[in-house]
file structure-v3.cif (mmCIF, C-alpha atoms and all ligand atoms)
data_work
#
loop_
_atom_site.group_PDB
_atom_site.id
_atom_site.type_symbol
_atom_site.label_atom_id
_atom_site.label_comp_id
_atom_site.auth_asym_id
_atom_site.auth_seq_id
_atom_site.Cartn_x
_atom_site.Cartn_y
_atom_site.Cartn_z
ATOM 1 C CA MET A 1 0.000 0.000 0.000
ATOM 2 C CA THR A 2 1.376 3.466 -0.921
ATOM 3 C CA MET A 3 1.223 6.454 1.470
ATOM 4 C CA ASP A 4 -1.648 7.886 -0.534
ATOM 5 C CA GLN A 5 -3.622 4.648 -0.517
ATOM 6 C CA GLY A 6 -2.827 4.354 3.195
ATOM 7 C CA SER A 7 -4.268 7.770 4.062
ATOM 8 C CA LYS A 8 -7.388 7.083 1.934
ATOM 9 C CA HIS A 9 -7.818 3.805 3.834
ATOM 10 C CA VAL A 10 -7.478 5.640 7.179
ATOM 11 C CA LYS A 11 -10.016 8.290 6.052
ATOM 12 C CA ARG A 12 -12.449 5.610 4.874
ATOM 13 C CA LYS A 13 -12.155 3.835 8.212
ATOM 14 C CA ALA A 14 -12.559 7.128 10.108
ATOM 15 C CA SER A 15 -15.791 7.896 8.264
ATOM 16 C CA PHE A 16 -17.073 4.429 9.181
ATOM 17 C CA PHE A 17 -16.437 5.197 12.872
ATOM 18 C CA GLN A 18 -18.390 8.455 12.430
ATOM 19 C CA TYR A 19 -21.259 6.538 10.849
ATOM 20 C CA ARG A 20 -21.342 4.128 13.769
ATOM 21 C CA GLU A 21 -21.067 6.858 16.386
ATOM 22 C CA SER A 22 -23.895 8.798 14.685
ATOM 23 C CA LEU A 23 -26.077 5.687 14.778
ATOM 24 C CA ARG A 24 -25.173 5.136 18.440
ATOM 25 C CA MET A 25 -26.352 8.624 19.394
ATOM 26 C CA TYR A 26 -29.190 8.856 16.898
ATOM 27 C CA PRO A 27 -30.511 5.348 16.211
ATOM 28 C CA VAL A 28 -33.311 5.658 13.659
ATOM 29 C CA LEU A 29 -35.441 3.198 15.625
ATOM 30 C CA PRO A 30 -34.723 3.779 19.333
ATOM 31 C CA PHE A 31 -36.111 0.432 20.518
ATOM 32 C CA LEU A 32 -36.679 -3.097 19.265
ATOM 33 C CA ASP A 33 -39.808 -5.114 19.904
ATOM 34 C CA ARG A 34 -40.025 -8.833 20.425
ATOM 35 C CA ARG A 35 -42.379 -11.405 21.911
ATOM 36 C CA CYS A 36 -41.068 -13.808 24.517
ATOM 37 C CA ASN A 37 -41.297 -17.373 23.160
ATOM 38 C CA ALA A 38 -40.270 -19.227 26.315
ATOM 39 C CA GLU A 39 -40.625 -18.358 29.996
ATOM 40 C CA TYR A 40 -37.411 -16.728 31.224
ATOM 41 C CA LYS A 41 -36.302 -15.891 34.755
ATOM 42 C CA LEU A 42 -34.121 -12.802 34.838
ATOM 43 C CA PRO A 43 -30.785 -13.632 36.518
ATOM 44 C CA ASN A 44 -30.273 -12.246 40.043
ATOM 45 C CA SER A 45 -33.924 -11.288 40.422
ATOM 46 C CA ASP A 46 -37.381 -12.755 41.056
ATOM 47 C CA LEU A 47 -38.730 -11.373 37.813
ATOM 48 C CA VAL A 48 -40.047 -13.845 35.276
ATOM 49 C CA VAL A 49 -40.795 -12.890 31.678
ATOM 50 C CA GLU A 50 -43.795 -15.008 30.729
ATOM 51 C CA LYS A 51 -44.173 -16.737 27.406
ATOM 52 C CA GLY A 52 -46.098 -14.564 24.936
ATOM 53 C CA LEU A 53 -45.270 -11.279 26.697
ATOM 54 C CA PRO A 54 -44.297 -8.390 24.372
ATOM 55 C CA VAL A 55 -40.791 -7.173 25.203
ATOM 56 C CA TYR A 56 -39.365 -3.791 24.318
ATOM 57 C CA ILE A 57 -35.581 -3.570 24.122
ATOM 58 C CA PRO A 58 -34.408 -0.041 24.936
ATOM 59 C CA MET A 59 -31.725 0.368 22.288
ATOM 60 C CA PHE A 60 -31.487 4.105 22.969
ATOM 61 C CA GLY A 61 -30.872 3.477 26.682
ATOM 62 C CA LEU A 62 -28.199 0.859 25.976
ATOM 63 C CA HIS A 63 -26.453 3.161 23.502
ATOM 64 C CA PHE A 64 -26.143 5.789 26.257
ATOM 65 C CA ASP A 65 -25.106 3.431 29.067
ATOM 66 C CA GLU A 66 -21.780 4.764 30.336
ATOM 67 C CA LYS A 67 -20.787 1.304 31.499
ATOM 68 C CA TYR A 68 -20.292 0.506 27.809
ATOM 69 C CA PHE A 69 -19.900 3.942 26.259
ATOM 70 C CA PRO A 70 -17.983 6.213 28.647
ATOM 71 C CA ASP A 71 -18.912 9.876 28.318
ATOM 72 C CA PRO A 72 -22.020 8.830 26.351
ATOM 73 C CA LEU A 73 -23.264 12.331 25.530
ATOM 74 C CA LYS A 74 -20.006 13.122 23.704
ATOM 75 C CA TYR A 75 -19.689 12.398 19.993
ATOM 76 C CA LYS A 76 -16.527 10.277 19.896
ATOM 77 C CA PRO A 77 -16.141 8.233 16.691
ATOM 78 C CA GLU A 78 -12.809 6.876 17.953
ATOM 79 C CA ARG A 79 -14.682 4.676 20.452
ATOM 80 C CA PHE A 80 -15.326 2.348 17.482
ATOM 81 C CA GLU A 81 -11.659 2.034 16.485
ATOM 82 C CA ASN A 82 -11.539 -1.505 17.833
ATOM 83 C CA GLY A 83 -14.776 -2.635 16.185
ATOM 84 C CA THR A 84 -18.221 -3.321 17.602
ATOM 85 C CA ASN A 85 -17.269 -6.709 19.095
ATOM 86 C CA VAL A 86 -15.751 -4.854 22.033
ATOM 87 C CA TYR A 87 -19.254 -3.729 22.970
ATOM 88 C CA ASN A 88 -21.109 -6.840 22.009
ATOM 89 C CA LYS A 89 -18.898 -9.500 23.562
ATOM 90 C CA ASP A 90 -20.945 -10.111 26.753
ATOM 91 C CA GLY A 91 -24.351 -9.522 25.185
ATOM 92 C CA ILE A 92 -25.607 -7.083 22.610
ATOM 93 C CA VAL A 93 -25.512 -3.420 23.526
ATOM 94 C CA PHE A 94 -24.739 -1.763 20.160
ATOM 95 C CA MET A 95 -27.486 -2.656 17.684
ATOM 96 C CA PRO A 96 -28.510 0.233 15.438
ATOM 97 C CA PHE A 97 -29.779 -2.271 12.847
ATOM 98 C CA GLY A 98 -31.324 -4.629 15.383
ATOM 99 C CA GLU A 99 -30.093 -8.161 15.905
ATOM 100 C CA GLY A 100 -31.017 -11.791 15.341
ATOM 101 C CA PRO A 101 -33.353 -13.288 12.727
ATOM 102 C CA ARG A 102 -35.272 -9.987 12.324
ATOM 103 C CA ILE A 103 -32.171 -7.809 11.869
ATOM 104 C CA CYS A 104 -32.524 -5.025 9.279
ATOM 105 C CA ILE A 105 -32.234 -6.385 5.748
ATOM 106 C CA GLY A 106 -31.139 -2.983 4.407
ATOM 107 C CA GLU A 107 -27.980 -2.349 6.465
ATOM 108 C CA ARG A 108 -25.566 -2.202 3.532
ATOM 109 C CA PHE A 109 -28.038 -0.436 1.303
ATOM 110 C CA GLY A 110 -28.637 2.101 4.091
ATOM 111 C CA LEU A 111 -24.893 2.740 4.409
ATOM 112 C CA LEU A 112 -24.547 3.152 0.637
ATOM 113 C CA ALA A 113 -27.531 5.527 0.399
ATOM 114 C CA THR A 114 -26.161 7.603 3.309
ATOM 115 C CA LYS A 115 -22.744 7.882 1.633
ATOM 116 C CA LEU A 116 -24.275 8.846 -1.711
ATOM 117 C CA ALA A 117 -26.471 11.506 -0.110
ATOM 118 C CA LEU A 118 -23.528 12.976 1.833
ATOM 119 C CA VAL A 119 -21.258 13.017 -1.227
ATOM 120 C CA ARG A 120 -23.971 14.653 -3.332
ATOM 121 C CA ILE A 121 -24.741 17.343 -0.741
ATOM 122 C CA LEU A 122 -21.187 18.078 0.410
ATOM 123 C CA SER A 123 -19.765 18.229 -3.121
ATOM 124 C CA GLU A 124 -22.211 20.996 -4.050
ATOM 125 C CA PHE A 125 -23.029 22.787 -0.810
ATOM 126 C CA GLU A 126 -21.337 24.189 2.248
ATOM 127 C CA VAL A 127 -23.277 23.104 5.323
ATOM 128 C CA VAL A 128 -22.767 25.123 8.502
ATOM 129 C CA ARG A 129 -24.597 25.780 11.767
ATOM 130 C CA ASN A 130 -27.014 28.682 12.033
ATOM 131 C CA MET A 131 -28.640 30.434 15.003
ATOM 132 C CA LYS A 132 -31.342 27.765 15.222
ATOM 133 C CA THR A 133 -29.126 24.679 15.027
ATOM 134 C CA PRO A 134 -29.627 22.908 18.381
ATOM 135 C CA ASP A 135 -26.596 21.927 20.495
ATOM 136 C CA VAL A 136 -28.583 19.100 21.989
ATOM 137 C CA ILE A 137 -31.400 17.638 19.930
ATOM 138 C CA ASP A 138 -34.797 17.588 21.625
ATOM 139 C CA PHE A 139 -36.695 14.548 20.366
ATOM 140 C CA THR A 140 -40.408 14.513 19.720
ATOM 141 C CA PRO A 141 -42.240 12.111 22.064
ATOM 142 C CA LYS A 142 -45.004 11.586 19.486
ATOM 143 C CA SER A 143 -42.859 9.907 16.871
ATOM 144 C CA PHE A 144 -42.304 6.176 16.528
ATOM 145 C CA ILE A 145 -38.868 6.781 15.033
ATOM 146 C CA LEU A 146 -36.252 9.113 16.517
ATOM 147 C CA GLN A 147 -37.053 12.581 15.274
ATOM 148 C CA SER A 148 -35.990 16.084 16.289
ATOM 149 C CA LYS A 149 -38.839 18.377 17.411
ATOM 150 C CA ILE A 150 -37.636 21.124 15.093
ATOM 151 C CA GLY A 151 -35.824 19.151 12.410
ATOM 152 C CA LEU A 152 -32.184 20.159 11.992
ATOM 153 C CA PRO A 153 -31.983 23.765 10.797
ATOM 154 C CA MET A 154 -28.659 24.485 9.074
ATOM 155 C CA LYS A 155 -27.272 27.073 6.698
ATOM 156 C CA ILE A 156 -26.773 25.514 3.288
ATOM 157 C CA LYS A 157 -24.834 27.529 0.735
ATOM 158 C CA LYS A 158 -24.162 26.532 -2.861
ATOM 159 C CA ILE A 159 -20.444 26.211 -3.553
ATOM 160 C CA THR A 160 -19.791 28.408 -6.555
ATOM 161 C CA SER A 161 -16.027 28.161 -7.077
ATOM 162 C CA THR A 162 -13.742 25.154 -6.735
ATOM 163 C CA PRO A 163 -10.513 25.715 -4.755
ATOM 164 C CA ALA A 164 -7.347 25.735 -6.908
HETATM 165 C C1 LIG B 1 -29.308 3.655 8.206
HETATM 166 C C2 LIG B 1 -30.369 3.003 7.713
HETATM 167 C C3 LIG B 1 -31.206 2.001 8.466
HETATM 168 C C4 LIG B 1 -31.303 1.753 9.811
HETATM 169 C C5 LIG B 1 -30.560 2.446 10.975
HETATM 170 C C6 LIG B 1 -32.242 0.653 9.982
HETATM 171 C C7 LIG B 1 -32.615 0.097 11.195
HETATM 172 C C8 LIG B 1 -33.481 -0.963 11.335
HETATM 173 C C9 LIG B 1 -33.839 -1.574 12.601
HETATM 174 C C10 LIG B 1 -33.340 -1.150 13.971
HETATM 175 C C11 LIG B 1 -34.690 -2.594 12.357
HETATM 176 C C12 LIG B 1 -35.333 -3.553 13.389
HETATM 177 C C13 LIG B 1 -34.479 -4.824 13.447
HETATM 178 C C14 LIG B 1 -34.809 -5.749 14.616
HETATM 179 O O1 LIG B 1 -35.952 -5.741 15.111
HETATM 180 O O2 LIG B 1 -33.909 -6.517 15.048
HETATM 181 C C15 LIG B 1 -34.885 -2.651 10.917
HETATM 182 C C16 LIG B 1 -35.679 -3.582 10.268
HETATM 183 C C17 LIG B 1 -35.879 -3.604 8.923
HETATM 184 N N1 LIG B 1 -35.282 -2.804 7.985
HETATM 185 FE FE1 LIG B 1 -33.957 -1.298 8.340
HETATM 186 N N2 LIG B 1 -32.693 0.268 8.741
HETATM 187 C C18 LIG B 1 -32.079 1.056 7.796
HETATM 188 C C19 LIG B 1 -32.230 0.976 6.433
HETATM 189 C C20 LIG B 1 -33.040 0.088 5.780
HETATM 190 C C21 LIG B 1 -33.191 -0.003 4.330
HETATM 191 C C22 LIG B 1 -32.414 0.875 3.345
HETATM 192 C C23 LIG B 1 -34.090 -0.990 4.091
HETATM 193 C C24 LIG B 1 -34.627 -1.537 2.804
HETATM 194 C C25 LIG B 1 -34.155 -1.210 1.633
HETATM 195 C C26 LIG B 1 -34.496 -1.536 5.375
HETATM 196 C C27 LIG B 1 -35.410 -2.550 5.542
HETATM 197 C C28 LIG B 1 -35.763 -3.137 6.749
HETATM 198 C C29 LIG B 1 -36.723 -4.222 6.910
HETATM 199 C C30 LIG B 1 -37.537 -4.903 5.783
HETATM 200 C C31 LIG B 1 -36.797 -4.528 8.272
HETATM 201 C C32 LIG B 1 -37.673 -5.604 8.948
HETATM 202 C C33 LIG B 1 -36.872 -6.899 9.021
HETATM 203 C C34 LIG B 1 -37.686 -8.014 9.706
HETATM 204 O O3 LIG B 1 -38.535 -7.737 10.571
HETATM 205 O O4 LIG B 1 -37.428 -9.196 9.390
HETATM 206 N N3 LIG B 1 -33.849 -0.861 6.370
HETATM 207 N N4 LIG B 1 -34.134 -1.661 10.328
#
call {"tool": "encode", "arguments": {"input": "structure-v3.cif", "output": "structure tokens", "more": "lines below"}}
Ligand code: HEM
result
Amino acid sequence: MTMDQGSKHVKRKASFFQYRESLRMYPVLPFLDRRCNAEYKLPNSDLVVEKGLPVYIPMFGLHFDEKYFPDPLKYKPERFENGTNVYNKDGIVFMPFGEGPRICIGERFGLLATKLALVRILSEFEVVRNMKTPDVIDFTPKSFILQSKIGLPMKIKKITSTPA
């Protein structure tokens, strides 16, 4: 690998960490739903999950658990430098696409579409914060998917000249 190829590889990997960190903090679907198919006693407690009971898995809560993600409110793509197995070795805590037999079928397509949209926008527009851009996003409680109450206002300016 040449130096140039090496730095491209590093950049590609870095953008993948950003993608993962963005999905940790802003998972499109903040919870998963399942139905218990066999009675299960929760370890170290008297609680029993009965067969047939609907179960909601709080993905959003797990993604912000500082036991797994120290400093969870900080956007830190480098926390994914060692892969997702670090988080998922004792159970599954990072699952932006769900997990198991009902895992999202569009994971790769979703990644591709996100990349294409970003390339298209960023190659033609400069995107910067404006007065209304929130520092911390306030989510709407009425939405099934994770959605900002006010959208994400930004200043978007057409790039007119290309740098030399
Ligand atoms: C960044 C983009 C996306 C994210 C974060 C995402 C996330 C998810 C999540 C969390 C689930 C629930 C999985 C579970 O219950 O274990 C899901 C299911 C699903 N997703 Fe996606 N998804 C994305 C893109 C897509 C795309 C592009 C498609 C189709 C082209 C797609 C199709 C589906 C389908 C059909 C299911 C239901 C699978 C089943 O119940 O068997 N998703 N997705």
call {"tool": "residues_near_ligand", "arguments": {"input": "structure-v3.cif", "ligand": "ligand LIG 1 (chain B)", "cutoff": "8 Å", "atoms": "all atoms listed in the file", "output": "compact mmCIF listing (two decimals) with C-alpha atoms, in the coordinates of the input"}}
result
# COMPACT_ATOMS: atom_id res chain seq x y z
CA LEU A 23 -26.08 5.69 14.78
CA PRO A 27 -30.51 5.35 16.21
CA VAL A 28 -33.31 5.66 13.66
CA LEU A 29 -35.44 3.20 15.62
CA PRO A 30 -34.72 3.78 19.33
CA PHE A 31 -36.11 0.43 20.52
CA LEU A 32 -36.68 -3.10 19.26
CA ASP A 33 -39.81 -5.11 19.90
CA ARG A 34 -40.02 -8.83 20.42
CA MET A 95 -27.49 -2.66 17.68
CA PRO A 96 -28.51 0.23 15.44
CA PHE A 97 -29.78 -2.27 12.85
CA GLY A 98 -31.32 -4.63 15.38
CA GLU A 99 -30.09 -8.16 15.90
CA GLY A 100 -31.02 -11.79 15.34
CA PRO A 101 -33.35 -13.29 12.73
CA ARG A 102 -35.27 -9.99 12.32
CA ILE A 103 -32.17 -7.81 11.87
CA CYS A 104 -32.52 -5.03 9.28
CA ILE A 105 -32.23 -6.38 5.75
CA GLY A 106 -31.14 -2.98 4.41
CA GLU A 107 -27.98 -2.35 6.46
CA ARG A 108 -25.57 -2.20 3.53
CA PHE A 109 -28.04 -0.44 1.30
CA GLY A 110 -28.64 2.10 4.09
CA LEU A 111 -24.89 2.74 4.41
CA ALA A 113 -27.53 5.53 0.40
CA THR A 114 -26.16 7.60 3.31
call {"tool": "resolve_selection", "arguments": {"input": "structure-v3.cif", "expression": "the PyMOL selection byres (((chain A and resi 75-90) around 9) and not hetatm)", "output": "PyMOL selection string"}}
result
chain A and resi 13-22+25+68-74+91-95
call {"tool": "resolve_selection", "arguments": {"input": "structure-v3.cif", "expression": "the PyMOL selection byres (((chain A and resi 124) around 10) and not hetatm)", "output": "PyMOL selection string"}}
result
chain A and resi 119-123+125-127+156-162
call {"tool": "closest_residue", "arguments": {"input": "structure-v3.cif", "among": "A:Ile137, A:Val128, A:Cys36, A:Leu62", "to": "Glu50 in chain A", "atoms": "only C-alpha atoms"}}
result
A:Cys36
call {"tool": "closest_residue", "arguments": {"input": "structure-v3.cif", "among": "A:Gly61, A:Pro134, A:Pro54, A:Pro43", "to": "Arg24 in chain A", "atoms": "only C-alpha atoms"}}
result
A:Gly61
call {"tool": "build_atoms", "arguments": {"input": "structure-v3.cif", "residues": "range 44-57 of chain A", "atoms": "N, CA and C atoms", "output": "mmCIF file, keeping the file's coordinate frame"}}
result
data_model
loop_
_atom_site.group_PDB
_atom_site.id
_atom_site.type_symbol
_atom_site.label_atom_id
_atom_site.label_comp_id
_atom_site.auth_asym_id
_atom_site.auth_seq_id
_atom_site.Cartn_x
_atom_site.Cartn_y
_atom_site.Cartn_z
ATOM 1 N N ASN A 44 -30.411 -13.084 38.834
ATOM 2 C CA ASN A 44 -30.273 -12.246 40.043
ATOM 3 C C ASN A 44 -31.535 -11.444 40.378
ATOM 4 N N SER A 45 -32.688 -11.975 40.026
ATOM 5 C CA SER A 45 -33.924 -11.288 40.422
ATOM 6 C C SER A 45 -35.065 -12.304 40.463
ATOM 7 N N ASP A 46 -36.220 -11.860 41.001
ATOM 8 C CA ASP A 46 -37.381 -12.755 41.056
ATOM 9 C C ASP A 46 -38.275 -12.579 39.832
ATOM 10 N N LEU A 47 -37.858 -11.690 38.952
ATOM 11 C CA LEU A 47 -38.730 -11.373 37.813
ATOM 12 C C LEU A 47 -38.717 -12.485 36.768
ATOM 13 N N VAL A 48 -39.918 -12.815 36.311
ATOM 14 C CA VAL A 48 -40.047 -13.845 35.276
ATOM 15 C C VAL A 48 -40.748 -13.221 34.070
ATOM 16 N N VAL A 49 -40.145 -13.375 32.899
ATOM 17 C CA VAL A 49 -40.795 -12.890 31.678
ATOM 18 C C VAL A 49 -41.608 -14.067 31.147
ATOM 19 N N GLU A 50 -42.936 -13.891 31.132
ATOM 20 C CA GLU A 50 -43.795 -15.008 30.729
ATOM 21 C C GLU A 50 -43.825 -15.194 29.221
ATOM 22 N N LYS A 51 -44.047 -16.429 28.827
ATOM 23 C CA LYS A 51 -44.173 -16.737 27.406
ATOM 24 C C LYS A 51 -45.309 -15.908 26.788
ATOM 25 N N GLY A 52 -45.066 -15.330 25.639
ATOM 26 C CA GLY A 52 -46.098 -14.564 24.936
ATOM 27 C C GLY A 52 -46.074 -13.073 25.264
ATOM 28 N N LEU A 53 -45.282 -12.693 26.281
ATOM 29 C CA LEU A 53 -45.270 -11.279 26.697
ATOM 30 C C LEU A 53 -44.498 -10.430 25.670
ATOM 31 N N PRO A 54 -45.074 -9.280 25.258
ATOM 32 C CA PRO A 54 -44.297 -8.390 24.372
ATOM 33 C C PRO A 54 -43.136 -7.775 25.159
ATOM 34 N N VAL A 55 -41.981 -7.700 24.525
ATOM 35 C CA VAL A 55 -40.791 -7.173 25.203
ATOM 36 C C VAL A 55 -40.226 -6.033 24.365
ATOM 37 N N TYR A 56 -39.973 -4.921 25.023
ATOM 38 C CA TYR A 56 -39.365 -3.791 24.318
ATOM 39 C C TYR A 56 -37.912 -3.660 24.758
ATOM 40 N N ILE A 57 -37.017 -3.634 23.806
ATOM 41 C CA ILE A 57 -35.581 -3.570 24.122
ATOM 42 C C ILE A 57 -35.127 -2.126 23.914
#
